[in-house]
Amino acid sequence: MKVAGARRPVPAKSPFARSHAAQSQRAAAQKTLVGSNIFGWGQYAQRDKQKLDVEQVMSALRDAGYDYLEGFMDVARPEENAKFAGQLKAKGLQPVSLYTGARVHEAAKAGETVAKILAAAKVCQQAGFQVVSCNADHPAGREKTDQELKTQAAALSELGAGLNALGLKLGMHQHLPEMANHAREFHYNFDHTKPGVVGLCYDVHWVWKGGVMPMDALKQYGDRVVTWHLRQSRDGVWWEDLDTGDVDYDAVAKYAKAHRLPRRFTVELAFEGSTKITRSVVENHRRSREFVRRVFEGTGS
């Protein structure tokens, strides 16, 4: 998701209107929303040789105290995003964010890619979504050239501006390819775009795994954060729930609170070959919700 003769409305461009709008945006940004990304649920279903039932996932998240499920943006069928929002609302959840890839480093395809995402985003905005989390696609087996990064930065700026015009935020996500060569692409994306246009979907663990300390990234790009992805590891191996481990989430949470960063926290319990799974996916998400409540919200057991 007017009466004639009433007091004169404030002009849309007045300082008061701008101030009121800014205050409303800040207030909305400070409301804590906790969700889960669909990816890990799909991994568990595949491991158990079951078909992923999205509505069952939504029910489990609602019962565990989550606010939203982050799914994949359907760029080819924009109406499916509205259907997904309807499913969320029917289960007592909210449409908050969607995740998408984007092939924007190739000059011949970047413009078309941006146009398709923006066309789908119109439907997403009308359905109540707030953020598009985007991970730029990569060529196989190599880093992007300087020219490809330049093309990508221009496309991301166009995408971010288009989403802003719709009332949405762009949050750039990252995996390991962006962190190669001293996080060359990760830094380039932000060094060549504007903070208010290209934001950060801060996947804390991928940044840590890529060799950038989470607090250093926050100090450098904290003003870019529009949403978060949260995962943990121990001795470099993904842990089955969100708990203590390699990433010092206490420090991250304190920084986020002190600097009043947006509070859309998406738990992503992906696992890898060495991950020890000892509990059900539902129980691991319940425990992770308690961790977020305790560490990021300062309450809970």
# chains A, B, ... in the order shown; residues from 1 in each chain; ligands from 1

$ select_by_dssp --residues "segment 151-219 of chain A" --states "alpha helix (DSSP H)" --output "PyMOL selection string"
chain A and resi 151-166+176-191+204-209+214-219

$ select_by_dssp --residues "segment 25-263 of chain A" --states "strand (DSSP E)" --output "NGL selection string"
:A and (33-37 or 68-72 or 97-102 or 131-136 or 169-172 or 199-203 or 225-230 or 233-234 or 237-238)

$ residues_around --residues "Ala127 of chain A" --least-positions-apart "4" --cutoff "9 Å" --atoms "only C-alpha atoms" --output "list in words"
Met1, Asn81, Ala82, Lys83, Phe84, Ala85, Gly86, Pro95, Lys122 and Val123 of chain A

$ write_last_selection --atoms "C-alpha atoms" --output "mmCIF file, in the first residue's frame"
data_model
loop_
_atom_site.group_PDB
_atom_site.id
_atom_site.type_symbol
_atom_site.label_atom_id
_atom_site.label_comp_id
_atom_site.auth_asym_id
_atom_site.auth_seq_id
_atom_site.Cartn_x
_atom_site.Cartn_y
_atom_site.Cartn_z
ATOM 1 C CA MET A 1 0.000 0.000 0.000
ATOM 2 C CA ASN A 81 5.154 -7.523 -8.452
ATOM 3 C CA ALA A 82 1.723 -6.148 -7.584
ATOM 4 C CA LYS A 83 0.492 -9.712 -7.105
ATOM 5 C CA PHE A 84 3.406 -10.360 -4.737
ATOM 6 C CA ALA A 85 2.527 -7.223 -2.760
ATOM 7 C CA GLY A 86 -1.038 -8.472 -2.468
ATOM 8 C CA PRO A 95 5.756 -4.639 0.634
ATOM 9 C CA LYS A 122 6.072 2.033 -11.532
ATOM 10 C CA VAL A 123 3.967 -0.976 -10.650
#

$ closest_residue --among "A:Leu88, A:Val212, A:Ala45, A:Val131" --to "Arg264 of chain A" --atoms "only C-alpha atoms"
A:Val131

$ atom_distance --atom1 "atom CA of Met179 of chain A" --atom2 "atom CA of Gly210 of chain A"
5.0 Å

$ residues_around --residues "Leu200 of chain A" --least-positions-apart "4" --cutoff "6 Å" --atoms "only C-alpha atoms" --output "MDAnalysis selection string"
chainID A and resid 171:172 224:226

$ closest_residue --among "A:Leu269, A:Ala121, A:Val54, A:Ala140" --to "Ala165 of chain A" --atoms "only C-alpha atoms"
A:Ala121

$ residues_around --residues "Val292 of chain A" --least-positions-apart "6" --cutoff "10 Å" --atoms "only C-alpha atoms" --output "NGL selection string"
:A and (34 or 230 or 242-243 or 249 or 253 or 265-267 or 298-300)

$ write_last_selection --atoms "C-alpha atoms" --output "short mmCIF file (atom, residue, chain, number, x, y, z; two decimals), in the first residue's frame"
data_model
loop_
_atom_site.label_atom_id
_atom_site.label_comp_id
_atom_site.auth_asym_id
_atom_site.auth_seq_id
_atom_site.Cartn_x
_atom_site.Cartn_y
_atom_site.Cartn_z
CA VAL A 34 12.79 -6.48 9.71
CA LEU A 230 22.37 -9.43 7.34
CA LEU A 242 22.16 -14.68 12.58
CA ASP A 243 24.24 -14.71 15.75
CA TYR A 249 27.08 -6.65 14.63
CA ALA A 253 24.11 -1.62 15.22
CA PHE A 265 16.99 -4.95 8.01
CA THR A 266 16.78 -7.99 5.73
CA VAL A 267 17.94 -11.29 7.21
CA GLY A 298 17.88 -3.23 22.04
CA THR A 299 15.07 -5.46 23.28
CA GLY A 300 14.31 -9.14 23.53
#

$ residues_around --residues "segment 37-44 of chain A" --least-positions-apart "3" --cutoff "6 Å" --atoms "only C-alpha atoms" --output "PyMOL selection string"
chain A and resi 47+52+69-71+268-270

$ residues_around --residues "Ile117 of chain A" --least-positions-apart "5" --cutoff "10 Å" --atoms "only C-alpha atoms" --output "PDB file with N, CA and C atoms, in the first residue's frame"
ATOM      1  N   MET A  73      12.429  -9.007  -7.994  1.00  0.00           N
ATOM      2  CA  MET A  73      11.632  -8.149  -8.847  1.00  0.00           C
ATOM      3  C   MET A  73      11.399  -8.840 -10.193  1.00  0.00           C
ATOM      4  N   ASP A  74      10.153  -8.895 -10.634  1.00  0.00           N
ATOM      5  CA  ASP A  74       9.831  -9.475 -11.939  1.00  0.00           C
ATOM      6  C   ASP A  74       9.823  -8.343 -12.961  1.00  0.00           C
ATOM      7  N   VAL A  75      10.947  -8.206 -13.661  1.00  0.00           N
ATOM      8  CA  VAL A  75      11.081  -7.119 -14.631  1.00  0.00           C
ATOM      9  C   VAL A  75      10.299  -7.422 -15.896  1.00  0.00           C
ATOM     10  N   ALA A  76      10.238  -8.676 -16.284  1.00  0.00           N
ATOM     11  CA  ALA A  76       9.553  -9.058 -17.516  1.00  0.00           C
ATOM     12  C   ALA A  76       8.039  -8.979 -17.388  1.00  0.00           C
ATOM     13  N   PRO A  78       5.762  -6.988 -14.962  1.00  0.00           N
ATOM     14  CA  PRO A  78       5.603  -6.044 -13.858  1.00  0.00           C
ATOM     15  C   PRO A  78       4.393  -6.304 -12.980  1.00  0.00           C
ATOM     16  N   THR A 100      16.880  -7.236  -7.625  1.00  0.00           N
ATOM     17  CA  THR A 100      17.015  -7.495  -9.051  1.00  0.00           C
ATOM     18  C   THR A 100      18.472  -7.409  -9.488  1.00  0.00           C
ATOM     19  N   GLY A 101      18.803  -8.120 -10.534  1.00  0.00           N
ATOM     20  CA  GLY A 101      20.075  -7.941 -11.202  1.00  0.00           C
ATOM     21  C   GLY A 101      19.913  -6.875 -12.276  1.00  0.00           C
ATOM     22  N   ALA A 102      21.009  -6.460 -12.882  1.00  0.00           N
ATOM     23  CA  ALA A 102      20.927  -5.443 -13.939  1.00  0.00           C
ATOM     24  C   ALA A 102      22.197  -5.477 -14.769  1.00  0.00           C
ATOM     25  N   GLU A 112      18.383   0.003 -22.256  1.00  0.00           N
ATOM     26  CA  GLU A 112      17.203  -0.861 -22.283  1.00  0.00           C
ATOM     27  C   GLU A 112      16.963  -1.497 -20.915  1.00  0.00           C
ATOM     28  N   LYS A 122       7.331   1.277 -11.642  1.00  0.00           N
ATOM     29  CA  LYS A 122       6.072   2.033 -11.532  1.00  0.00           C
ATOM     30  C   LYS A 122       5.011   1.189 -10.859  1.00  0.00           C
ATOM     31  N   VAL A 132      14.433  -0.657  -4.261  1.00  0.00           N
ATOM     32  CA  VAL A 132      14.885  -1.655  -5.223  1.00  0.00           C
ATOM     33  C   VAL A 132      16.351  -1.951  -4.909  1.00  0.00           C
ATOM     34  N   LEU A 159      19.188   5.168 -13.423  1.00  0.00           N
ATOM     35  CA  LEU A 159      18.233   4.315 -12.725  1.00  0.00           C
ATOM     36  C   LEU A 159      17.836   4.922 -11.384  1.00  0.00           C
ATOM     37  N   GLY A 162      15.585   7.892 -11.876  1.00  0.00           N
ATOM     38  CA  GLY A 162      14.255   7.454 -12.274  1.00  0.00           C
ATOM     39  C   GLY A 162      13.460   6.876 -11.113  1.00  0.00           C
ATOM     40  N   LEU A 163      14.121   6.111 -10.266  1.00  0.00           N
ATOM     41  CA  LEU A 163      13.444   5.559  -9.090  1.00  0.00           C
ATOM     42  C   LEU A 163      13.078   6.665  -8.106  1.00  0.00           C
TER      43      LEU A 163
END

$ closest_residue --among "A:Val237, A:Leu61, A:Gly111, A:Arg184" --to "Arg287 of chain A" --atoms "only C-alpha atoms"
A:Leu61

$ closest_residue --among "A:Ala108, A:Gln30, A:Thr193, A:Phe72" --to "Ala258 of chain A" --atoms "only C-alpha atoms"
A:Gln30

$ decode --residues "segment 59-107 of chain A" --atoms "N, CA and C atoms" --output "short mmCIF file (atom, residue, chain, number, x, y, z; two decimals), in the first residue's frame"
data_model
loop_
_atom_site.label_atom_id
_atom_site.label_comp_id
_atom_site.auth_asym_id
_atom_site.auth_seq_id
_atom_site.Cartn_x
_atom_site.Cartn_y
_atom_site.Cartn_z
N SER A 59 3.80 -16.88 5.89
CA SER A 59 3.14 -17.20 7.16
C SER A 59 4.16 -17.43 8.26
N ALA A 60 5.23 -18.15 7.94
CA ALA A 60 6.27 -18.42 8.93
C ALA A 60 6.94 -17.13 9.39
N LEU A 61 7.21 -16.23 8.46
CA LEU A 61 7.83 -14.96 8.81
C LEU A 61 6.91 -14.11 9.67
N ARG A 62 5.66 -14.03 9.29
CA ARG A 62 4.68 -13.28 10.09
C ARG A 62 4.64 -13.81 11.51
N ASP A 63 4.56 -15.13 11.66
CA ASP A 63 4.45 -15.73 12.99
C ASP A 63 5.72 -15.53 13.82
N ALA A 64 6.86 -15.35 13.14
CA ALA A 64 8.13 -15.14 13.85
C ALA A 64 8.38 -13.66 14.13
N GLY A 65 7.46 -12.79 13.73
CA GLY A 65 7.60 -11.37 14.04
C GLY A 65 8.28 -10.53 13.00
N TYR A 66 8.39 -11.03 11.78
CA TYR A 66 8.97 -10.25 10.68
C TYR A 66 7.93 -9.33 10.07
N ASP A 67 8.43 -8.31 9.37
CA ASP A 67 7.55 -7.33 8.72
C ASP A 67 7.40 -7.55 7.23
N TYR A 68 8.37 -8.19 6.59
CA TYR A 68 8.31 -8.31 5.13
C TYR A 68 9.16 -9.46 4.62
N LEU A 69 8.88 -9.85 3.40
CA LEU A 69 9.70 -10.79 2.64
C LEU A 69 10.22 -10.05 1.42
N GLU A 70 11.52 -10.08 1.21
CA GLU A 70 12.11 -9.49 0.02
C GLU A 70 12.22 -10.56 -1.05
N GLY A 71 11.48 -10.38 -2.14
CA GLY A 71 11.52 -11.32 -3.25
C GLY A 71 12.28 -10.74 -4.42
N PHE A 72 12.25 -11.47 -5.53
CA PHE A 72 12.92 -11.01 -6.73
C PHE A 72 11.96 -10.16 -7.56
N MET A 73 12.43 -9.01 -7.99
CA MET A 73 11.63 -8.15 -8.85
C MET A 73 11.40 -8.84 -10.19
N ASP A 74 10.15 -8.90 -10.63
CA ASP A 74 9.83 -9.47 -11.94
C ASP A 74 9.82 -8.34 -12.96
N VAL A 75 10.95 -8.21 -13.66
CA VAL A 75 11.08 -7.12 -14.63
C VAL A 75 10.30 -7.42 -15.90
N ALA A 76 10.24 -8.68 -16.28
CA ALA A 76 9.55 -9.06 -17.52
C ALA A 76 8.04 -8.98 -17.39
N ARG A 77 7.53 -9.22 -16.18
CA ARG A 77 6.07 -9.21 -15.94
C ARG A 77 5.77 -8.29 -14.75
N PRO A 78 5.76 -6.99 -14.96
CA PRO A 78 5.60 -6.04 -13.86
C PRO A 78 4.39 -6.30 -12.98
N GLU A 79 3.31 -6.80 -13.57
CA GLU A 79 2.09 -7.03 -12.79
C GLU A 79 2.30 -8.09 -11.71
N GLU A 80 3.29 -8.96 -11.89
CA GLU A 80 3.56 -9.99 -10.89
C GLU A 80 4.07 -9.38 -9.58
N ASN A 81 4.69 -8.20 -9.66
CA ASN A 81 5.15 -7.52 -8.45
C ASN A 81 3.98 -7.02 -7.62
N ALA A 82 2.93 -6.56 -8.30
CA ALA A 82 1.72 -6.15 -7.58
C ALA A 82 1.05 -7.35 -6.95
N LYS A 83 1.06 -8.48 -7.65
CA LYS A 83 0.49 -9.71 -7.11
C LYS A 83 1.25 -10.13 -5.85
N PHE A 84 2.57 -10.01 -5.90
CA PHE A 84 3.41 -10.36 -4.74
C PHE A 84 3.08 -9.45 -3.56
N ALA A 85 2.90 -8.16 -3.83
CA ALA A 85 2.53 -7.22 -2.76
C ALA A 85 1.20 -7.62 -2.14
N GLY A 86 0.26 -8.04 -2.97
CA GLY A 86 -1.04 -8.47 -2.47
C GLY A 86 -0.92 -9.70 -1.57
N GLN A 87 -0.05 -10.62 -1.94
CA GLN A 87 0.19 -11.80 -1.11
C GLN A 87 0.77 -11.40 0.25
N LEU A 88 1.71 -10.47 0.23
CA LEU A 88 2.31 -10.00 1.48
C LEU A 88 1.24 -9.40 2.40
N LYS A 89 0.44 -8.53 1.85
CA LYS A 89 -0.58 -7.86 2.66
C LYS A 89 -1.60 -8.85 3.20
N ALA A 90 -1.96 -9.82 2.38
CA ALA A 90 -2.93 -10.83 2.82
C ALA A 90 -2.39 -11.66 3.98
N LYS A 91 -1.08 -11.77 4.09
CA LYS A 91 -0.45 -12.52 5.17
C LYS A 91 -0.05 -11.64 6.35
N GLY A 92 -0.43 -10.37 6.31
CA GLY A 92 -0.10 -9.46 7.41
C GLY A 92 1.29 -8.89 7.34
N LEU A 93 1.92 -8.98 6.17
CA LEU A 93 3.25 -8.40 5.96
C LEU A 93 3.15 -7.15 5.10
N GLN A 94 4.29 -6.49 4.88
CA GLN A 94 4.32 -5.26 4.10
C GLN A 94 5.17 -5.42 2.85
N PRO A 95 4.83 -4.74 1.77
CA PRO A 95 5.76 -4.64 0.63
C PRO A 95 6.81 -3.59 0.96
N VAL A 96 8.07 -4.00 1.01
CA VAL A 96 9.14 -3.08 1.41
C VAL A 96 10.22 -2.99 0.33
N SER A 97 10.82 -4.11 -0.03
CA SER A 97 11.93 -4.08 -0.99
C SER A 97 11.87 -5.28 -1.92
N LEU A 98 12.48 -5.10 -3.10
CA LEU A 98 12.61 -6.17 -4.08
C LEU A 98 14.04 -6.19 -4.59
N TYR A 99 14.48 -7.35 -5.00
CA TYR A 99 15.88 -7.54 -5.43
C TYR A 99 15.91 -7.84 -6.93
N THR A 100 16.88 -7.24 -7.63
CA THR A 100 17.02 -7.49 -9.05
C THR A 100 18.47 -7.41 -9.49
N GLY A 101 18.80 -8.12 -10.53
CA GLY A 101 20.07 -7.94 -11.20
C GLY A 101 19.91 -6.87 -12.28
N ALA A 102 21.01 -6.46 -12.88
CA ALA A 102 20.93 -5.44 -13.94
C ALA A 102 22.20 -5.48 -14.77
N ARG A 103 22.04 -5.72 -16.06
CA ARG A 103 23.20 -5.72 -16.96
C ARG A 103 23.41 -4.30 -17.49
N VAL A 104 24.21 -3.54 -16.76
CA VAL A 104 24.34 -2.12 -17.07
C VAL A 104 25.77 -1.70 -17.41
N HIS A 105 26.66 -2.68 -17.60
CA HIS A 105 28.04 -2.32 -17.95
C HIS A 105 28.26 -2.34 -19.45
N GLU A 106 27.30 -2.83 -20.22
CA GLU A 106 27.42 -2.88 -21.67
C GLU A 106 26.63 -1.72 -22.28
N ALA A 107 27.31 -0.87 -23.03
CA ALA A 107 26.68 0.33 -23.57
C ALA A 107 25.46 0.01 -24.44
#
